[in-house]
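Asks: Take a look at the following structure, please.
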Amino acid sequence: MDSLPDQHGRIATDLRVSLTDRCNLRCDYCMPAEGLEWMASEITLTDDEVVRLVRVAVERLGVRQVRFTGGEPLLRRGLVDIVTRVGRLHPRPRIAMTTNALGLSRSAPALAAAGLDRINVSLDSVRPETFATVTRRDRLADVVAGLEAAVAAGLEPVKVNAVLLRGLNDVEAPELLSWCMARGYRLRIIEQMPLDAQHGWDRSAMVTAEETLDRLSQHFDLSPATQPRGSAPAELFLVDGGPATVGIIASVTRPFCGDCDRVRLTADGQVRNCLFARAESDLRSALRAGADDEEIASRWQLAMWTKAPGHGIDDERFLQPVRPMSSIGG
């Protein structure tokens with residue numbers, strides 16, 4: 001089996017697959033209130049094309065984990081079938097999904113039966129008013145129901161991803177952590193990244209990891225977790241001695257690019273070797289032109305080889321990706 005190395009000694013084994021750029025929320029830090037112009041259906045990968053590319057990644061290129069993202073992956077009609085087919089690959093990859101959980105209360109049992117192993121749910125506030133302000137939708141009750149359904153279906157550990165926004169929910173970190181611990185969810189707080197469609201990200205307005213830790217430490221006793229972090233994006237802290245933990249993903253202020261093992265496939269079949277890359281490698285065209293698995297694997301390896309040593313956000317020449325997060329996939 002070949003692998004997906006880059007010229008800096010990293011090997012990608014974690015594939016993030018965006019199944020759609022569509023979303024049923026309008027989060028303030030992701031897209032404008034009116035939404036975006038969605039991808040045309042003819043350029044979006046079909047279910048068969050998604051499964052084939054994932055198969056090449058798993059069987060030929062050493063990918064061991066596949067995470068389905070969006071947009072909102074639950075909006076993909078063929079989601080359950082895609083998960084089922086990926087779960088039948090050999091060797092079988094770990095299968096995860098990142099979702100806003102709208103509709104998860106209905107789909108969790110089917111996804112678990114199809115082979116989904118675990119789930120991350122984006123939730124920035126447990127206060128209905130704040131949730132509605134951030135997402136521009138009054139759907140907190142649906143997210144809560146989706147989380148409960150995920151646990152009932154055995155999609156554990158359930159992780160909750162939260163982005164803190166200054167002046168909106170930045171004071172709610174302790175409340176979020178208490179809420180998650182009471183329900184057995186694992187909270188991960190993520191620094192806001194320059195991936196909004198409006199290109200309005202401002203580093204000076206970002207709530208930093210240090211600020212978050214300071215605020216949490218006013219309510220909890222935090223100590224660094226002892227287990228090795230490896231390539232995981234979250235720095236873990238024991239809460240009040242454990243066993244509960246909270247994770248801090250400081251993509252901007254404490255980048256972990258040197259240990260990155262991720263590669264991304266967009267819903268229109270483009271390989272992105274970094275979340276912040278401005279260049280992409282087109283697999284869809286090769287796929288539709290009749291390329292065999294060997295050629296697709298070779299193209300994928302070439303795409304990974306050019307991965308930069310880091311995302312470069314601190315470089316004065318840094319330019320935000322043209323695509324927003326909803327189009328790239330998390």
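Please note that chains go A, B, ... in the order of the structure tokens, that every chain numbers its residues from 1, and that ligands are numbered from 1 in the order shown.
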Mind checking which residues fall within 9 Å of Ala108 in chain A, counting only C-alpha atoms, ignoring those fewer than 4 positions away in the same chain, and posting them as a list in words?
Replies: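 Returned residues: Gly103, Leu104, Ala112, Ala113, Gly146, Ala149, Ala150, Val151, Ala152, Ala153, Gly154 and Leu155 of chain A.
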Asks: Would you save the residues of that selection, restricted to N, CA and C atoms, as an mmCIF file, in the first residue's frame?
Replies:
data_model
loop_
_atom_site.group_PDB
_atom_site.id
_atom_site.type_symbol
_atom_site.label_atom_id
_atom_site.label_comp_id
_atom_site.auth_asym_id
_atom_site.auth_seq_id
_atom_site.Cartn_x
_atom_site.Cartn_y
_atom_site.Cartn_z
ATOM 1 N N GLY A 103 -31.956 17.465 12.454
ATOM 2 C CA GLY A 103 -32.410 16.247 11.797
ATOM 3 C C GLY A 103 -31.722 14.995 12.296
ATOM 4 N N LEU A 104 -30.747 15.132 13.175
ATOM 5 C CA LEU A 104 -30.037 13.959 13.675
ATOM 6 C C LEU A 104 -30.927 13.081 14.547
ATOM 7 N N ALA A 112 -25.971 4.950 12.626
ATOM 8 C CA ALA A 112 -25.249 3.998 13.473
ATOM 9 C C ALA A 112 -25.301 2.599 12.870
ATOM 10 N N ALA A 113 -26.452 2.202 12.379
ATOM 11 C CA ALA A 113 -26.593 0.885 11.759
ATOM 12 C C ALA A 113 -25.761 0.775 10.487
ATOM 13 N N GLY A 146 -30.949 16.113 18.757
ATOM 14 C CA GLY A 146 -29.999 15.362 17.942
ATOM 15 C C GLY A 146 -28.862 14.790 18.768
ATOM 16 N N ALA A 149 -30.159 11.836 20.650
ATOM 17 C CA ALA A 149 -30.345 10.687 19.753
ATOM 18 C C ALA A 149 -29.012 10.032 19.410
ATOM 19 N N ALA A 150 -27.956 10.832 19.283
ATOM 20 C CA ALA A 150 -26.635 10.283 18.986
ATOM 21 C C ALA A 150 -26.171 9.364 20.109
ATOM 22 N N VAL A 151 -26.367 9.794 21.351
ATOM 23 C CA VAL A 151 -25.998 8.954 22.496
ATOM 24 C C VAL A 151 -26.826 7.675 22.506
ATOM 25 N N ALA A 152 -28.127 7.819 22.295
ATOM 26 C CA ALA A 152 -29.013 6.651 22.309
ATOM 27 C C ALA A 152 -28.638 5.650 21.224
ATOM 28 N N ALA A 153 -28.104 6.149 20.103
ATOM 29 C CA ALA A 153 -27.726 5.267 18.994
ATOM 30 C C ALA A 153 -26.322 4.694 19.159
ATOM 31 N N GLY A 154 -25.609 5.124 20.199
ATOM 32 C CA GLY A 154 -24.270 4.601 20.435
ATOM 33 C C GLY A 154 -23.166 5.292 19.665
ATOM 34 N N LEU A 155 -23.437 6.506 19.164
ATOM 35 C CA LEU A 155 -22.426 7.242 18.401
ATOM 36 C C LEU A 155 -21.531 8.022 19.357
#
Asks: Give me the residues near range 51-66 of chain A as a ChimeraX atom specification, where near means some atom within 10 Å (using only C-alpha atoms) and where sequence neighbours in that chain fewer than 3 positions away do not count.
Replies: /A:1-5,11-17,45-48,69,81-97,116,261-265,269,283-284,287,292-294,296-298,300-301
Asks: Using only C-alpha atoms, please write the residues we just selected to a file, as an mmCIF file, in the first residue's frame.
Replies:
data_model
loop_
_atom_site.group_PDB
_atom_site.id
_atom_site.type_symbol
_atom_site.label_atom_id
_atom_site.label_comp_id
_atom_site.auth_asym_id
_atom_site.auth_seq_id
_atom_site.Cartn_x
_atom_site.Cartn_y
_atom_site.Cartn_z
ATOM 1 C CA MET A 1 0.000 0.000 0.000
ATOM 2 C CA ASP A 2 1.245 3.491 -0.861
ATOM 3 C CA SER A 3 0.739 6.516 1.383
ATOM 4 C CA LEU A 4 0.144 10.274 1.229
ATOM 5 C CA PRO A 5 3.412 11.895 2.342
ATOM 6 C CA ILE A 11 1.776 11.463 6.164
ATOM 7 C CA ALA A 12 -1.953 12.034 5.730
ATOM 8 C CA THR A 13 -4.114 9.285 7.192
ATOM 9 C CA ASP A 14 -7.224 11.327 8.095
ATOM 10 C CA LEU A 15 -9.531 12.197 5.182
ATOM 11 C CA ARG A 16 -12.184 14.893 5.566
ATOM 12 C CA VAL A 17 -14.885 14.525 2.894
ATOM 13 C CA LEU A 45 -19.602 14.359 -6.862
ATOM 14 C CA THR A 46 -22.199 11.609 -7.143
ATOM 15 C CA ASP A 47 -22.531 9.023 -4.380
ATOM 16 C CA ASP A 48 -20.633 6.497 -6.497
ATOM 17 C CA THR A 69 -18.490 17.110 6.701
ATOM 18 C CA ASP A 81 -25.769 4.639 1.709
ATOM 19 C CA ILE A 82 -22.353 6.340 1.462
ATOM 20 C CA VAL A 83 -21.578 5.493 5.092
ATOM 21 C CA THR A 84 -22.706 1.895 4.537
ATOM 22 C CA ARG A 85 -20.443 1.424 1.541
ATOM 23 C CA VAL A 86 -17.422 3.080 3.149
ATOM 24 C CA GLY A 87 -17.942 0.828 6.171
ATOM 25 C CA ARG A 88 -17.507 -2.205 3.916
ATOM 26 C CA LEU A 89 -14.048 -1.179 2.696
ATOM 27 C CA HIS A 90 -10.975 -3.234 3.593
ATOM 28 C CA PRO A 91 -9.234 -2.253 5.725
ATOM 29 C CA ARG A 92 -12.272 -0.643 7.330
ATOM 30 C CA PRO A 93 -11.612 3.001 8.245
ATOM 31 C CA ARG A 94 -12.965 4.699 11.343
ATOM 32 C CA ILE A 95 -15.974 6.730 10.180
ATOM 33 C CA ALA A 96 -16.948 9.998 11.831
ATOM 34 C CA MET A 97 -19.135 12.969 10.981
ATOM 35 C CA LEU A 116 -20.926 5.541 11.558
ATOM 36 C CA ASP A 261 -2.201 14.230 9.227
ATOM 37 C CA ARG A 262 -5.272 15.527 7.395
ATOM 38 C CA VAL A 263 -6.288 15.872 3.765
ATOM 39 C CA ARG A 264 -9.565 17.230 2.450
ATOM 40 C CA LEU A 265 -11.833 16.339 -0.458
ATOM 41 C CA GLY A 269 -13.958 16.577 -6.102
ATOM 42 C CA LEU A 283 -9.777 14.625 -9.098
ATOM 43 C CA ARG A 284 -13.307 14.961 -10.442
ATOM 44 C CA LEU A 287 -12.470 10.511 -12.565
ATOM 45 C CA ASP A 292 -8.092 4.261 -13.310
ATOM 46 C CA ASP A 293 -7.413 3.919 -9.584
ATOM 47 C CA GLU A 294 -3.645 4.027 -10.068
ATOM 48 C CA ILE A 296 -6.165 8.834 -9.270
ATOM 49 C CA ALA A 297 -3.864 7.699 -6.466
ATOM 50 C CA SER A 298 -0.859 9.200 -8.241
ATOM 51 C CA TRP A 300 -3.585 12.504 -5.022
ATOM 52 C CA GLN A 301 0.020 11.879 -3.973
#
Asks: Between A:Ser105, A:Ser41, A:Ser125, A:Asn169, which residue has the minimum interatomic distance to Asp142 in chain A, considering only C-alpha atoms?
Replies: A:Ser105
Asks: So that I can check the secondary structure, give me every residue of range 145-227 of chain A assigned helix (DSSP H, G or I) by backbone DSSP, as an NGL selection string.
Replies: :A and (145-152 or 170-183 or 203-205 or 209-217)
Asks: Based on the selection just made, write C-alpha atoms of those residues as an mmCIF file, in the first residue's frame.
Replies:
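So the final result, stored in result_35.cif, reads:
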data_model
loop_
_atom_site.group_PDB
_atom_site.id
_atom_site.type_symbol
_atom_site.label_atom_id
_atom_site.label_comp_id
_atom_site.auth_asym_id
_atom_site.auth_seq_id
_atom_site.Cartn_x
_atom_site.Cartn_y
_atom_site.Cartn_z
ATOM 1 C CA ALA A 145 -32.603 16.385 20.501
ATOM 2 C CA GLY A 146 -29.999 15.362 17.942
ATOM 3 C CA LEU A 147 -27.314 15.084 20.601
ATOM 4 C CA GLU A 148 -29.547 12.896 22.748
ATOM 5 C CA ALA A 149 -30.345 10.687 19.753
ATOM 6 C CA ALA A 150 -26.635 10.283 18.986
ATOM 7 C CA VAL A 151 -25.998 8.954 22.496
ATOM 8 C CA ALA A 152 -29.013 6.651 22.309
ATOM 9 C CA ASP A 170 -17.482 34.569 24.807
ATOM 10 C CA VAL A 171 -18.696 34.670 28.417
ATOM 11 C CA GLU A 172 -20.507 31.349 28.019
ATOM 12 C CA ALA A 173 -17.500 29.003 27.993
ATOM 13 C CA PRO A 174 -17.957 27.845 31.622
ATOM 14 C CA GLU A 175 -21.682 27.345 31.041
ATOM 15 C CA LEU A 176 -21.031 25.293 27.905
ATOM 16 C CA LEU A 177 -18.516 23.122 29.724
ATOM 17 C CA SER A 178 -20.841 22.477 32.680
ATOM 18 C CA TRP A 179 -23.693 21.652 30.311
ATOM 19 C CA CYS A 180 -21.567 19.187 28.324
ATOM 20 C CA MET A 181 -20.099 17.479 31.387
ATOM 21 C CA ALA A 182 -23.552 16.981 32.894
ATOM 22 C CA ARG A 183 -24.560 15.059 29.767
ATOM 23 C CA ARG A 203 -7.512 38.604 14.490
ATOM 24 C CA SER A 204 -7.809 41.381 17.061
ATOM 25 C CA ALA A 205 -11.471 40.449 17.602
ATOM 26 C CA ALA A 209 -7.202 30.076 23.509
ATOM 27 C CA GLU A 210 -5.437 31.881 26.354
ATOM 28 C CA GLU A 211 -8.519 33.984 27.041
ATOM 29 C CA THR A 212 -10.721 30.907 27.015
ATOM 30 C CA LEU A 213 -8.467 29.034 29.421
ATOM 31 C CA ASP A 214 -8.340 32.042 31.742
ATOM 32 C CA ARG A 215 -12.132 32.257 31.803
ATOM 33 C CA LEU A 216 -12.598 28.535 32.370
ATOM 34 C CA SER A 217 -9.971 28.548 35.108
#
Asks: For a quick check of understanding, using only C-alpha atoms, which of A:Arg76, A:Arg136, A:His199, A:Arg188 has the smallest distance to Val50 in chain A?
Replies: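 Using only C-alpha atoms, the shortest distance to Val50 in chain A belongs to A:Arg76.
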Asks: Pick from A:Leu123, A:Cys257, A:Gly247, A:Gly167: nearest to Ser231 in chain A, with only C-alpha atoms counted?
Replies: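 Nearest candidate to Ser231 in chain A out of A:Leu123, A:Cys257, A:Gly247, A:Gly167: A:Cys257.
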Asks: Taking into account only C-alpha atoms, which residue in the set A:Thr135, A:Arg106, A:Arg67, A:Leu75 is nearest to Glu34 in chain A?
Replies: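 Checking each candidate against Glu34 in chain A, we get A:Thr135 as the closest.
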Asks: With a distance cut-off of 10 Å and only C-alpha atoms, select the neighbouring residues of Gly230 in chain A, excluding the residue or stretch itself and same-chain residues fewer than 5 positions from it, and output the selection as a list in words.
Replies: Glu235, Phe256, Asp259, Cys260 and Asp261 of chain A
Asks: Could you dump the residues just selected with C-alpha atoms as an mmCIF file, in the first residue's frame?
Replies:
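Just written: part_23.cif:
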data_model
loop_
_atom_site.group_PDB
_atom_site.id
_atom_site.type_symbol
_atom_site.label_atom_id
_atom_site.label_comp_id
_atom_site.auth_asym_id
_atom_site.auth_seq_id
_atom_site.Cartn_x
_atom_site.Cartn_y
_atom_site.Cartn_z
ATOM 1 C CA GLU A 235 -5.000 20.265 23.464
ATOM 2 C CA PHE A 256 -0.183 22.306 15.219
ATOM 3 C CA ASP A 259 1.836 17.153 13.251
ATOM 4 C CA CYS A 260 -1.031 17.511 10.764
ATOM 5 C CA ASP A 261 -2.201 14.230 9.227
#
Asks: When DSSP is applied to the backbone of this structure, which of range 216-271 of chain A are assigned strand (DSSP E)? Write them out as a PDB file with N, CA and C atoms, in the first residue's frame.
Replies:
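Full text of part_27.pdb as output:
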ATOM      1  N   LEU A 222      -8.153  23.340  35.976  1.00  0.00           N
ATOM      2  CA  LEU A 222      -7.707  22.725  34.729  1.00  0.00           C
ATOM      3  C   LEU A 222      -6.251  22.318  34.842  1.00  0.00           C
ATOM      4  N   SER A 223      -5.961  21.113  34.382  1.00  0.00           N
ATOM      5  CA  SER A 223      -4.575  20.626  34.350  1.00  0.00           C
ATOM      6  C   SER A 223      -4.353  19.886  33.046  1.00  0.00           C
ATOM      7  N   PRO A 224      -3.168  20.024  32.447  1.00  0.00           N
ATOM      8  CA  PRO A 224      -2.917  19.355  31.160  1.00  0.00           C
ATOM      9  C   PRO A 224      -3.111  17.848  31.261  1.00  0.00           C
ATOM     10  N   GLU A 235      -5.824  20.398  22.271  1.00  0.00           N
ATOM     11  CA  GLU A 235      -5.000  20.265  23.464  1.00  0.00           C
ATOM     12  C   GLU A 235      -5.954  19.994  24.618  1.00  0.00           C
ATOM     13  N   LEU A 236      -5.796  18.849  25.300  1.00  0.00           N
ATOM     14  CA  LEU A 236      -6.754  18.421  26.306  1.00  0.00           C
ATOM     15  C   LEU A 236      -6.329  18.846  27.706  1.00  0.00           C
ATOM     16  N   PHE A 237      -7.340  19.212  28.506  1.00  0.00           N
ATOM     17  CA  PHE A 237      -7.129  19.573  29.905  1.00  0.00           C
ATOM     18  C   PHE A 237      -8.119  18.783  30.757  1.00  0.00           C
ATOM     19  N   LEU A 238      -7.619  18.206  31.848  1.00  0.00           N
ATOM     20  CA  LEU A 238      -8.496  17.566  32.812  1.00  0.00           C
ATOM     21  C   LEU A 238      -9.272  18.644  33.552  1.00  0.00           C
ATOM     22  N   VAL A 239     -10.548  18.386  33.795  1.00  0.00           N
ATOM     23  CA  VAL A 239     -11.400  19.320  34.510  1.00  0.00           C
ATOM     24  C   VAL A 239     -11.597  18.812  35.929  1.00  0.00           C
ATOM     25  N   THR A 245     -12.781  16.034  30.455  1.00  0.00           N
ATOM     26  CA  THR A 245     -11.767  16.885  29.834  1.00  0.00           C
ATOM     27  C   THR A 245     -12.440  17.981  29.026  1.00  0.00           C
ATOM     28  N   VAL A 246     -11.669  19.009  28.729  1.00  0.00           N
ATOM     29  CA  VAL A 246     -12.074  20.017  27.766  1.00  0.00           C
ATOM     30  C   VAL A 246     -10.921  20.178  26.791  1.00  0.00           C
ATOM     31  N   GLY A 247     -11.241  20.317  25.517  1.00  0.00           N
ATOM     32  CA  GLY A 247     -10.217  20.475  24.497  1.00  0.00           C
ATOM     33  C   GLY A 247     -10.187  21.899  23.972  1.00  0.00           C
ATOM     34  N   ILE A 248      -8.998  22.403  23.727  1.00  0.00           N
ATOM     35  CA  ILE A 248      -8.818  23.726  23.135  1.00  0.00           C
ATOM     36  C   ILE A 248      -8.112  23.545  21.799  1.00  0.00           C
ATOM     37  N   ILE A 249      -8.765  23.982  20.736  1.00  0.00           N
ATOM     38  CA  ILE A 249      -8.179  23.895  19.396  1.00  0.00           C
ATOM     39  C   ILE A 249      -7.740  25.301  19.000  1.00  0.00           C
ATOM     40  N   ARG A 262      -3.982  15.435   8.070  1.00  0.00           N
ATOM     41  CA  ARG A 262      -5.272  15.527   7.395  1.00  0.00           C
ATOM     42  C   ARG A 262      -5.157  15.943   5.931  1.00  0.00           C
ATOM     43  N   VAL A 263      -6.116  15.471   5.152  1.00  0.00           N
ATOM     44  CA  VAL A 263      -6.288  15.872   3.765  1.00  0.00           C
ATOM     45  C   VAL A 263      -7.780  16.022   3.537  1.00  0.00           C
ATOM     46  N   ARG A 264      -8.153  16.936   2.654  1.00  0.00           N
ATOM     47  CA  ARG A 264      -9.565  17.230   2.450  1.00  0.00           C
ATOM     48  C   ARG A 264      -9.989  17.006   1.002  1.00  0.00           C
ATOM     49  N   LEU A 265     -11.223  16.519   0.852  1.00  0.00           N
ATOM     50  CA  LEU A 265     -11.833  16.339  -0.458  1.00  0.00           C
ATOM     51  C   LEU A 265     -13.122  17.134  -0.466  1.00  0.00           C
ATOM     52  N   GLN A 270     -12.317  18.200  -5.375  1.00  0.00           N
ATOM     53  CA  GLN A 270     -11.008  18.830  -5.354  1.00  0.00           C
ATOM     54  C   GLN A 270     -10.256  18.428  -4.079  1.00  0.00           C
ATOM     55  N   VAL A 271      -8.989  18.064  -4.232  1.00  0.00           N
ATOM     56  CA  VAL A 271      -8.148  17.767  -3.083  1.00  0.00           C
ATOM     57  C   VAL A 271      -7.565  19.074  -2.555  1.00  0.00           C
TER      58      VAL A 271
END
Asks: Grab the CA of Phe68 in chain A to CA of Ala232 in chain A distance for me, in Å with one decimal place.
Replies: 16.9 Å
Asks: Pick the closest to Thr98 in chain A from A:Thr306, A:Gln227, A:Ser326, A:Gln198: which is it, counting only C-alpha atoms?
Replies: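 Of A:Thr306, A:Gln227, A:Ser326, A:Gln198, the one nearest Thr98 in chain A is A:Ser326, counting only C-alpha atoms.
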Asks: Determine the nearest neighbour of Ala244 in chain A from the options A:Pro194, A:Gly184, A:Pro228, A:Gly258, counting only C-alpha atoms.
Replies: A:Gly184
Asks: Between CA of Asn273 in chain A and CA of Lys307 in chain A, what is the distance, to one decimal in Å?
Replies: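 Separation of CA of Asn273 in chain A and CA of Lys307 in chain A: 5.7 Å.
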Asks: Can you pull out every residue within 7 Å of Asp28 in chain A, counting only C-alpha atoms, but drop anything in the same chain fewer than 3 positions away, and send it as a PyMOL selection string?
Replies: chain A and resi 31-32+134-135
Asks: Take the residues from that selection and put them in a file with C-alpha atoms, as a PDB file, in the first residue's frame.
Replies:
ATOM      1  CA  MET A  31     -21.793  32.829   5.921  1.00  0.00           C
ATOM      2  CA  PRO A  32     -24.016  35.873   5.393  1.00  0.00           C
ATOM      3  CA  VAL A 134     -25.232  33.246  16.184  1.00  0.00           C
ATOM      4  CA  THR A 135     -26.980  30.845  13.780  1.00  0.00           C
TER       5      THR A 135
END
Asks: Skip Asn161 in chain A itself and residues of its chain fewer than 4 positions away, then list as a PyMOL selection string all residues within 9 Å of it, counting only C-alpha atoms.
Replies: chain A and resi 98+120-124+186-190
